[in-house]
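S.K.: Below is structure-v5.cif; it holds mmCIF, C-alpha atoms.
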data_upload
loop_
_atom_site.group_PDB
_atom_site.id
_atom_site.type_symbol
_atom_site.label_atom_id
_atom_site.label_comp_id
_atom_site.auth_asym_id
_atom_site.auth_seq_id
_atom_site.Cartn_x
_atom_site.Cartn_y
_atom_site.Cartn_z
ATOM 1 C CA MET A 1 -15.114 -10.850 50.814
ATOM 2 C CA ARG A 2 -18.517 -12.418 51.283
ATOM 3 C CA PRO A 3 -20.366 -11.923 54.533
ATOM 4 C CA GLY A 4 -19.259 -14.584 56.940
ATOM 5 C CA GLY A 5 -16.184 -15.294 54.865
ATOM 6 C CA GLN A 6 -12.727 -15.942 56.314
ATOM 7 C CA MET A 7 -9.478 -14.283 55.297
ATOM 8 C CA ASN A 8 -6.519 -16.379 54.284
ATOM 9 C CA ARG A 9 -3.774 -14.749 56.290
ATOM 10 C CA GLU A 10 -0.787 -15.681 54.154
ATOM 11 C CA THR A 11 -2.199 -15.191 50.684
ATOM 12 C CA ALA A 12 -4.970 -12.763 51.651
ATOM 13 C CA LYS A 13 -7.453 -14.820 49.654
ATOM 14 C CA PRO A 14 -11.010 -14.981 50.853
ATOM 15 C CA VAL A 15 -12.275 -18.382 51.997
ATOM 16 C CA SER A 16 -15.996 -17.991 52.061
ATOM 17 C CA GLU A 17 -18.546 -20.310 53.566
ATOM 18 C CA GLU A 18 -19.855 -20.843 50.044
ATOM 19 C CA THR A 19 -16.452 -22.131 48.887
ATOM 20 C CA VAL A 20 -16.517 -24.761 51.617
ATOM 21 C CA LEU A 21 -20.181 -25.528 51.021
ATOM 22 C CA ASP A 22 -19.488 -25.990 47.307
ATOM 23 C CA LEU A 23 -16.813 -28.525 48.221
ATOM 24 C CA TYR A 24 -19.298 -30.169 50.570
ATOM 25 C CA ARG A 25 -21.864 -30.404 47.761
ATOM 26 C CA HIS A 26 -19.222 -32.018 45.563
ATOM 27 C CA HIS A 27 -17.703 -34.497 48.034
ATOM 28 C CA GLY A 28 -20.132 -34.614 50.980
ATOM 29 C CA ALA A 29 -22.366 -37.521 49.953
ATOM 30 C CA ARG A 30 -19.441 -39.818 49.130
ATOM 31 C CA LEU A 31 -17.678 -38.927 52.348
ATOM 32 C CA TYR A 32 -20.903 -39.591 54.200
ATOM 33 C CA ALA A 33 -21.116 -43.045 52.567
ATOM 34 C CA TYR A 34 -17.480 -43.721 53.419
ATOM 35 C CA ALA A 35 -17.928 -42.762 57.074
ATOM 36 C CA LEU A 36 -21.190 -44.682 57.289
ATOM 37 C CA GLY A 37 -19.404 -47.784 56.020
ATOM 38 C CA PHE A 38 -16.805 -47.168 58.707
ATOM 39 C CA LEU A 39 -19.068 -46.364 61.647
ATOM 40 C CA GLY A 40 -22.596 -47.492 60.810
ATOM 41 C CA GLU A 41 -24.237 -44.932 63.072
ATOM 42 C CA PRO A 42 -25.715 -41.986 61.127
ATOM 43 C CA ALA A 43 -25.584 -39.548 64.069
ATOM 44 C CA ASP A 44 -21.831 -40.109 64.502
ATOM 45 C CA VAL A 45 -21.314 -39.887 60.759
ATOM 46 C CA GLU A 46 -23.029 -36.503 60.538
ATOM 47 C CA ASP A 47 -20.741 -35.141 63.252
ATOM 48 C CA VAL A 48 -17.668 -36.554 61.540
ATOM 49 C CA VAL A 49 -18.543 -35.101 58.132
ATOM 50 C CA GLN A 50 -19.324 -31.707 59.652
ATOM 51 C CA ASP A 51 -16.047 -31.689 61.580
ATOM 52 C CA ALA A 52 -14.126 -32.605 58.446
ATOM 53 C CA PHE A 53 -15.492 -29.621 56.526
ATOM 54 C CA VAL A 54 -14.931 -27.240 59.426
ATOM 55 C CA ARG A 55 -11.310 -28.461 59.443
ATOM 56 C CA LEU A 56 -11.161 -27.971 55.700
ATOM 57 C CA SER A 57 -12.299 -24.398 56.181
ATOM 58 C CA GLU A 58 -9.535 -23.841 58.747
ATOM 59 C CA HIS A 59 -7.007 -25.592 56.504
ATOM 60 C CA LEU A 60 -7.819 -23.315 53.564
ATOM 61 C CA ARG A 61 -7.936 -20.227 55.761
ATOM 62 C CA ARG A 62 -4.425 -20.991 57.029
ATOM 63 C CA GLY A 63 -3.239 -21.065 53.451
ATOM 64 C CA GLY A 64 -3.298 -24.849 53.051
ATOM 65 C CA SER A 65 -3.094 -26.270 49.577
ATOM 66 C CA ASP A 66 -6.277 -27.254 47.795
ATOM 67 C CA GLU A 67 -4.435 -29.848 45.718
ATOM 68 C CA GLN A 68 -5.512 -33.432 46.362
ATOM 69 C CA ILE A 69 -8.355 -32.042 48.415
ATOM 70 C CA ARG A 70 -10.354 -35.264 48.013
ATOM 71 C CA ALA A 71 -7.555 -37.390 49.474
ATOM 72 C CA TRP A 72 -7.095 -34.802 52.235
ATOM 73 C CA LEU A 73 -10.804 -34.974 53.119
ATOM 74 C CA TYR A 74 -10.841 -38.774 53.170
ATOM 75 C CA ALA A 75 -7.764 -38.815 55.400
ATOM 76 C CA VAL A 76 -9.413 -36.403 57.843
ATOM 77 C CA VAL A 77 -12.670 -38.375 57.854
ATOM 78 C CA ALA A 78 -10.754 -41.622 58.420
ATOM 79 C CA ASN A 79 -8.933 -40.110 61.397
ATOM 80 C CA LEU A 80 -12.169 -38.787 62.867
ATOM 81 C CA CYS A 81 -13.823 -42.186 62.377
ATOM 82 C CA ARG A 82 -10.919 -43.880 64.178
ATOM 83 C CA ASP A 83 -11.385 -41.436 67.059
ATOM 84 C CA VAL A 84 -15.082 -42.318 67.237
ATOM 85 C CA LEU A 85 -14.286 -46.047 67.211
ATOM 86 C CA ARG A 86 -11.739 -45.616 70.004
ATOM 87 C CA TRP A 87 -14.282 -43.669 72.018
ATOM 88 C CA ARG A 88 -16.973 -46.284 71.357
ATOM 89 C CA LYS A 89 -14.721 -49.134 72.457
ATOM 90 C CA ARG A 90 -14.636 -47.569 75.852
ATOM 91 C CA ARG A 91 -18.308 -46.705 75.900
ATOM 92 C CA VAL A 92 -20.569 -49.048 73.980
ATOM 93 C CA ASP A 93 -20.653 -52.320 72.093
ATOM 94 C CA ILE A 94 -18.921 -51.596 68.795
ATOM 95 C CA ASP A 95 -20.873 -54.337 67.029
ATOM 96 C CA ALA A 96 -24.267 -53.042 68.031
ATOM 97 C CA GLU A 97 -26.320 -52.255 64.925
ATOM 98 C CA PRO A 98 -28.404 -49.115 64.923
ATOM 99 C CA GLU A 99 -32.101 -49.926 64.966
ATOM 100 C CA THR A 100 -33.128 -47.213 62.565
ATOM 101 C CA GLY A 101 -31.640 -45.339 59.660
ATOM 102 C CA PRO A 102 -30.304 -46.427 56.312
ATOM 103 C CA TRP A 103 -29.187 -49.806 57.628
ATOM 104 C CA GLU A 104 -32.837 -50.847 57.404
ATOM 105 C CA VAL A 105 -31.993 -51.536 53.787
ATOM 106 C CA SER A 106 -31.116 -55.182 54.148
ATOM 107 C CA ARG A 107 -28.564 -55.368 51.358
ATOM 108 C CA THR A 108 -26.648 -52.411 52.700
ATOM 109 C CA LEU A 109 -26.809 -53.948 56.119
ATOM 110 C CA ALA A 110 -25.306 -57.121 54.717
ATOM 111 C CA ILE A 111 -22.486 -55.181 53.048
ATOM 112 C CA ARG A 112 -21.804 -53.553 56.372
ATOM 113 C CA ARG A 113 -21.588 -57.026 57.922
ATOM 114 C CA VAL A 114 -19.124 -58.064 55.250
ATOM 115 C CA LEU A 115 -17.006 -54.955 55.866
ATOM 116 C CA LYS A 116 -16.988 -55.642 59.571
ATOM 117 C CA ARG A 117 -15.342 -59.005 59.022
ATOM 118 C CA LEU A 118 -12.335 -57.305 57.439
ATOM 119 C CA SER A 119 -9.390 -55.849 59.294
ATOM 120 C CA PRO A 120 -9.649 -52.071 59.808
ATOM 121 C CA ARG A 121 -7.002 -51.418 57.160
ATOM 122 C CA ASP A 122 -8.651 -53.683 54.590
ATOM 123 C CA ARG A 123 -12.019 -52.090 55.339
ATOM 124 C CA GLU A 124 -10.584 -48.629 54.850
ATOM 125 C CA MET A 125 -9.006 -49.590 51.533
ATOM 126 C CA VAL A 126 -12.181 -51.219 50.263
ATOM 127 C CA LEU A 127 -14.263 -48.192 51.239
ATOM 128 C CA LEU A 128 -11.803 -45.794 49.597
ATOM 129 C CA ARG A 129 -11.939 -47.847 46.436
ATOM 130 C CA GLY A 130 -15.744 -47.889 46.723
ATOM 131 C CA GLY A 131 -15.612 -44.089 46.985
ATOM 132 C CA GLY A 132 -13.933 -43.963 43.583
ATOM 133 C CA LEU A 133 -10.505 -42.803 44.729
ATOM 134 C CA THR A 134 -7.507 -43.381 42.490
ATOM 135 C CA TYR A 135 -4.507 -45.377 43.702
ATOM 136 C CA ALA A 136 -2.585 -42.127 44.266
ATOM 137 C CA GLU A 137 -5.448 -40.698 46.318
ATOM 138 C CA ILE A 138 -5.741 -43.889 48.368
ATOM 139 C CA ALA A 139 -2.002 -43.702 49.022
ATOM 140 C CA ALA A 140 -2.301 -40.065 50.122
ATOM 141 C CA ALA A 141 -5.375 -40.706 52.279
ATOM 142 C CA MET A 142 -3.779 -43.677 54.042
ATOM 143 C CA GLY A 143 -0.211 -42.425 54.208
ATOM 144 C CA LEU A 144 1.114 -45.230 52.000
ATOM 145 C CA HIS A 145 3.614 -45.332 49.160
ATOM 146 C CA ASP A 146 1.948 -45.233 45.747
ATOM 147 C CA ALA A 147 3.748 -48.410 44.725
ATOM 148 C CA SER A 148 2.347 -50.509 47.549
ATOM 149 C CA VAL A 149 -1.312 -49.530 47.067
ATOM 150 C CA GLY A 150 -1.972 -51.888 44.145
ATOM 151 C CA LYS A 151 -0.822 -54.965 46.039
ATOM 152 C CA LEU A 152 -2.523 -54.036 49.317
ATOM 153 C CA LEU A 153 -5.765 -53.029 47.625
ATOM 154 C CA SER A 154 -5.765 -56.180 45.550
ATOM 155 C CA ARG A 155 -5.444 -58.335 48.671
ATOM 156 C CA ALA A 156 -8.053 -56.320 50.584
ATOM 157 C CA LEU A 157 -10.535 -56.627 47.735
ATOM 158 C CA GLU A 158 -9.837 -60.324 47.401
ATOM 159 C CA ARG A 159 -10.696 -60.830 51.071
ATOM 160 C CA PHE A 160 -13.750 -58.606 50.661
ATOM 161 C CA ALA A 161 -14.847 -60.674 47.649
ATOM 162 C CA VAL A 162 -14.515 -63.926 49.613
ATOM 163 C CA GLU A 163 -16.607 -62.557 52.475
ATOM 164 C CA TYR A 164 -19.071 -61.009 50.055
ATOM 165 C CA ALA A 165 -19.571 -64.349 48.298
ATOM 166 C CA ARG A 166 -20.061 -66.005 51.684
ATOM 167 C CA GLU A 167 -22.750 -63.443 52.555
ATOM 168 C CA PHE A 168 -24.585 -63.282 49.257
ATOM 169 C CA GLY A 169 -23.713 -66.541 47.554
ATOM 170 C CA LYS A 170 -22.066 -66.750 44.175
ATOM 171 C CA GLU A 171 -24.663 -64.614 42.436
ATOM 172 C CA GLY A 172 -23.615 -61.626 44.556
ATOM 173 C CA ALA A 173 -24.744 -58.343 43.077
ATOM 174 C CA MET B 1 -5.716 -69.105 44.779
ATOM 175 C CA ASN B 2 -1.959 -69.443 44.450
ATOM 176 C CA CYS B 3 -1.387 -68.393 40.867
ATOM 177 C CA PRO B 4 1.474 -65.937 40.317
ATOM 178 C CA THR B 5 -0.947 -63.641 38.482
ATOM 179 C CA ARG B 6 -2.984 -63.072 41.634
ATOM 180 C CA GLU B 7 -1.797 -59.492 42.152
ATOM 181 C CA MET B 8 -2.788 -58.600 38.590
ATOM 182 C CA LEU B 9 -6.341 -59.858 38.842
ATOM 183 C CA LEU B 10 -7.783 -56.554 40.039
ATOM 184 C CA ALA B 11 -6.047 -54.683 37.222
ATOM 185 C CA TRP B 12 -7.449 -57.230 34.757
ATOM 186 C CA VAL B 13 -10.987 -56.901 36.182
ATOM 187 C CA ASP B 14 -10.622 -53.093 36.035
ATOM 188 C CA GLY B 15 -9.653 -53.379 32.385
ATOM 189 C CA ALA B 16 -6.273 -51.744 32.910
ATOM 190 C CA GLY B 17 -4.253 -51.557 29.728
ATOM 191 C CA ASP B 18 -0.916 -52.395 31.318
ATOM 192 C CA VAL B 19 -1.673 -56.026 32.218
ATOM 193 C CA PRO B 20 1.007 -58.201 30.559
ATOM 194 C CA HIS B 21 -0.192 -60.428 27.752
ATOM 195 C CA SER B 22 1.070 -63.550 29.535
ATOM 196 C CA VAL B 23 -1.144 -62.726 32.541
ATOM 197 C CA VAL B 24 -4.196 -62.192 30.337
ATOM 198 C CA GLU B 25 -3.534 -65.547 28.678
ATOM 199 C CA HIS B 26 -3.127 -67.282 32.012
ATOM 200 C CA ILE B 27 -6.353 -65.858 33.469
ATOM 201 C CA ALA B 28 -8.286 -66.855 30.380
ATOM 202 C CA THR B 29 -7.215 -70.475 30.741
ATOM 203 C CA CYS B 30 -7.146 -70.858 34.539
ATOM 204 C CA ALA B 31 -10.453 -71.930 36.086
ATOM 205 C CA SER B 32 -9.372 -70.771 39.541
ATOM 206 C CA CYS B 33 -8.425 -67.285 38.287
ATOM 207 C CA MET B 34 -11.650 -66.970 36.298
ATOM 208 C CA ASP B 35 -13.604 -67.979 39.377
ATOM 209 C CA SER B 36 -11.787 -65.404 41.522
ATOM 210 C CA ALA B 37 -12.220 -62.730 38.871
ATOM 211 C CA GLU B 38 -15.948 -63.407 38.757
ATOM 212 C CA ARG B 39 -16.164 -63.221 42.528
ATOM 213 C CA LEU B 40 -14.195 -59.975 42.548
ATOM 214 C CA ARG B 41 -16.366 -58.448 39.828
ATOM 215 C CA SER B 42 -19.510 -59.357 41.728
ATOM 216 C CA ALA B 43 -18.150 -57.946 45.009
ATOM 217 C CA LEU B 44 -17.078 -54.686 43.315
ATOM 218 C CA ALA B 45 -20.528 -54.273 41.785
ATOM 219 C CA GLY B 46 -22.117 -54.901 45.181
ATOM 220 C CA LEU B 47 -19.745 -52.440 46.811
ATOM 221 C CA ALA B 48 -20.502 -49.763 44.209
ATOM 222 C CA SER B 49 -24.251 -50.126 44.613
ATOM 223 C CA GLY B 50 -23.917 -50.223 48.416
ATOM 224 C CA MET B 51 -21.865 -47.002 48.400
ATOM 225 C CA LYS B 52 -24.459 -45.367 46.153
ATOM 226 C CA THR B 53 -27.254 -46.323 48.553
ATOM 227 C CA LEU B 54 -25.265 -44.949 51.473
ATOM 228 C CA ALA B 55 -24.436 -41.719 49.648
ATOM 229 C CA SER B 56 -28.087 -41.206 48.778
ATOM 230 C CA SER B 57 -28.981 -41.462 52.452
ATOM 231 C CA THR B 58 -27.054 -38.260 53.261
ATOM 232 C CA PRO B 59 -29.576 -36.090 55.101
ATOM 233 C CA ALA B 60 -30.367 -32.782 53.436
ATOM 234 C CA SER B 61 -30.261 -31.096 56.844
ATOM 235 C CA LEU B 62 -26.523 -31.805 57.060
ATOM 236 C CA GLU B 63 -25.712 -28.915 54.723
ATOM 237 C CA THR B 64 -27.730 -26.511 56.879
ATOM 238 C CA ARG B 65 -26.000 -27.745 60.028
ATOM 239 C CA LEU B 66 -22.626 -27.376 58.350
ATOM 240 C CA ARG B 67 -23.513 -23.836 57.286
ATOM 241 C CA TRP B 68 -24.207 -22.964 60.928
ATOM 242 C CA ARG B 69 -20.999 -24.614 62.113
ATOM 243 C CA LEU B 70 -18.957 -22.698 59.541
ATOM 244 C CA HIS B 71 -20.701 -19.508 60.493
ATOM 245 C CA ALA B 72 -19.880 -20.094 64.163
ATOM 246 C CA SER B 73 -16.273 -21.000 63.375
ATOM 247 C CA VAL B 74 -15.881 -17.715 61.492
ATOM 248 C CA GLY B 75 -16.638 -15.899 64.736
ATOM 249 C CA GLN B 76 -13.929 -17.851 66.532
ATOM 250 C CA ALA B 77 -11.415 -17.419 63.734
ATOM 251 C CA SER B 78 -12.002 -13.721 63.423
ATOM 252 C CA ALA B 79 -11.378 -13.283 67.144
ATOM 253 C CA THR B 80 -7.729 -14.105 66.560
ATOM 254 C CA THR B 81 -6.917 -13.105 63.026
ATOM 255 C CA LEU B 82 -9.051 -10.483 61.441
ATOM 256 C CA ARG B 83 -8.881 -6.741 61.732
ATOM 257 C CA GLU B 84 -12.563 -6.466 61.035
ATOM 258 C CA ARG B 85 -13.347 -8.580 64.066
ATOM 259 C CA PRO B 86 -15.603 -6.086 65.906
ATOM 260 C CA ARG B 87 -17.821 -5.633 62.881
ATOM 261 C CA GLY B 88 -17.957 -9.392 62.294
ATOM 262 C CA ILE B 89 -18.849 -10.137 65.885
ATOM 263 C CA ARG B 90 -21.445 -7.388 65.978
ATOM 264 C CA GLU B 91 -23.029 -8.677 62.818
ATOM 265 C CA TRP B 92 -22.943 -12.202 64.146
ATOM 266 C CA LEU B 93 -24.562 -11.146 67.430
ATOM 267 C CA ARG B 94 -27.138 -9.083 65.589
ATOM 268 C CA GLY B 95 -28.003 -12.173 63.529
ATOM 269 C CA HIS B 96 -28.434 -14.209 66.708
ATOM 270 C CA ARG B 97 -30.622 -11.569 68.321
ATOM 271 C CA MET B 98 -32.784 -11.543 65.217
ATOM 272 C CA ALA B 99 -33.109 -15.305 65.355
ATOM 273 C CA LEU B 100 -34.170 -15.175 69.014
ATOM 274 C CA ARG B 101 -36.911 -12.607 68.460
ATOM 275 C CA SER B 102 -40.490 -13.529 67.687
ATOM 276 C CA PRO B 103 -41.326 -13.505 63.971
ATOM 277 C CA SER B 104 -43.436 -10.364 64.278
ATOM 278 C CA GLU B 105 -40.683 -8.507 66.149
ATOM 279 C CA ALA B 106 -38.130 -9.620 63.613
ATOM 280 C CA ALA B 107 -40.347 -8.446 60.757
ATOM 281 C CA ARG B 108 -40.804 -5.051 62.418
ATOM 282 C CA SER B 109 -37.080 -4.754 62.985
ATOM 283 C CA HIS B 110 -36.330 -5.818 59.430
ATOM 284 C CA ALA B 111 -38.769 -3.232 58.073
ATOM 285 C CA GLY B 112 -37.018 -0.528 60.117
ATOM 286 C CA PRO B 113 -38.667 2.308 61.996
ATOM 287 C CA ALA B 114 -41.962 3.595 60.719
ATOM 288 C CA PRO B 115 -41.472 6.541 58.340
ATOM 289 C CA PRO B 116 -42.347 9.960 59.793
ATOM 290 C CA ARG B 117 -45.809 11.097 59.027
ATOM 291 C CA PRO B 118 -46.010 14.039 56.650
ATOM 292 C CA ARG B 119 -46.824 17.227 58.425
ATOM 293 C CA ALA B 120 -50.184 18.673 57.731
ATOM 294 C CA ALA B 121 -49.937 21.681 55.471
ATOM 295 C CA PRO B 122 -50.490 24.942 57.372
ATOM 296 C CA SER B 123 -53.888 26.224 56.678
#
What would the structure in this file look like if it were written as structure tokens?
M.R.:
Amino acid sequence: MRPGGQMNRETAKPVSEETVLDLYRHHGARLYAYALGFLGEPADVEDVVQDAFVRLSEHLRRGGSDEQIRAWLYAVVANLCRDVLRWRKRRVDIDAEPETGPWEVSRTLAIRRVLKRLSPRDREMVLLRGGGLTYAEIAAAMGLHDASVGKLLSRALERFAVEYAREFGKEGA
Amino acid sequence: MNCPTREMLLAWVDGAGDVPHSVVEHIATCASCMDSAERLRSALAGLASGMKTLASSTPASLETRLRWRLHASVGQASATTLRERPRGIREWLRGHRMALRSPSEAARSHAGPAPPRPRAAPS
């Protein structure tokens, strides 16, 4: 067992920090993008991504499956983002844009505006699709039936496309 | 757009192989569907580039912070599950003490005690 590693109690497999950090290196940036699309505030996003990987570490240590780990991570990040949004609703103006950070990039800022015009579920689906998840992974991350993802995603993307065209004009990207 | 092929448009834009031939034919001849497909393609491209920009803005310091969080959570986890808890905690505390010391103290401690001087040979 590596120094600082954790012991999986049921299977007695080591779960080292490096294992979790390797997973972070593989999925972290995309999860960060996903949460940033959700929340917009980099400081909150950093906390959310960190929490997700700490939970992953606990999940693996308890003997949790590492199958569909990407969908599992997106589901955890989505839940944490929803918690942040609920907390913000009570505390601050949810529509307030951060003054600094990556949203200075005007195009990205505009995409964020487009996403904000969607319902939370549509936004989540669009962001999951933008993160490169398969239909099965989107279903797992959102707790949906595989069969219904195609229709729901299609509608969400259609609404996103309409808003996107409104924001950027027909030329779009 | 009210065409019956509406649900299949995303699959068609994605180039999925299982789109029925009748749908492909319809989209090719329907101005409204072609317009929607173009809009969808443009939005997907914008989304992909936006996600890339966001992903590239991930701060490098996040990995270091995560490493610390994981390290701290190991201490908590070992308090309840591991037999080797005392050693883990001691090591963890020793690491913290090292971090709190001044650099020169830490370097001295890292180097260990000074080796004993050789005794002078009896004359």
S.K.: Check every residue of chain B for an atom within 9 Å of chain A, counting all atoms listed in the file, and provide those that qualify as a ChimeraX atom specification.
M.R.: /B:6-11,36,38-59,62-63,65-67,69-71,73-75,77-78,81-82,88,92
S.K.: Which residues are near Ala139 (chain A)? Cut-off 9 Å, all atoms listed in the file, ignore same chain within fewer than 5 positions. Put them as a list in words.
M.R.: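 Returned residues: Ala71, Thr134, Leu144, His145, Asp146, Ala147, Ser148 and Val149 of chain A.
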S.K.: Would you pick out the contacts of region 73-75 of chain A at 9 Å or less, using only C-alpha atoms, so that residues sharing its chain but fewer than 4 positions from it are not included, and give the list as a list of chain:residue names?
M.R.: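 Selected residues are A:His27, A:Leu31, A:Tyr34, A:Ala52, A:Phe53, A:Leu56, A:Gln68, A:Ile69, A:Asn79, A:Leu80, A:Leu128, A:Glu137, A:Ile138, A:Ala140, A:Ala141, A:Met142, A:Gly143.
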S.K.: For CA of Arg123 (chain A) and CA of Phe38 (chain A), quote the distance in Å rounded to one decimal.
M.R.: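 Interatomic distance, CA of Arg123 (chain A) to CA of Phe38 (chain A): 7.6 Å.
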S.K.: Could you state the separation of CA of Thr19 (chain A) and CA of Asp66 (chain A) in Å, given to one decimal place?
M.R.: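 Separating CA of Thr19 (chain A) from CA of Asp66 (chain A) is a distance of 11.4 Å.
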S.K.: Measure the distance from CA of Ala28 (chain B) to CA of Leu118 (chain A) in Å and round it to one decimal.
M.R.: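 Interatomic distance, CA of Ala28 (chain B) to CA of Leu118 (chain A): 29.0 Å.
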S.K.: Leaving out Thr5 (chain B) and any residue of its chain fewer than 5 positions from it, which residues lie within 8 Å of it when counting all atoms listed in the file, given as a count of residues only?
M.R.: 3
S.K.: Which is closer to Val77 (chain A) than all the others in A:Val15, A:Ala136, A:Val48, A:Ala43, using only C-alpha atoms?
M.R.: A:Val48
S.K.: Kindly compute an axis-aligned box around the listed atoms of region 73-88 of chain A, allowing 4 Å on each side, and express its centre and edge lengths in Å to one decimal as AutoDock Vina command-line options.
M.R.:
--center_x -12.4 --center_y -40.6 --center_z 62.6 --size_x 17.2 --size_y 19.3 --size_z 26.9
S.K.: Could you tell me which of A:His59, A:Arg121, A:Arg113, A:Arg82 comes closest to Glu167 (chain A) if we count all atoms listed in the file?
M.R.: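 Nearest candidate to Glu167 (chain A) out of A:His59, A:Arg121, A:Arg113, A:Arg82: A:Arg113.
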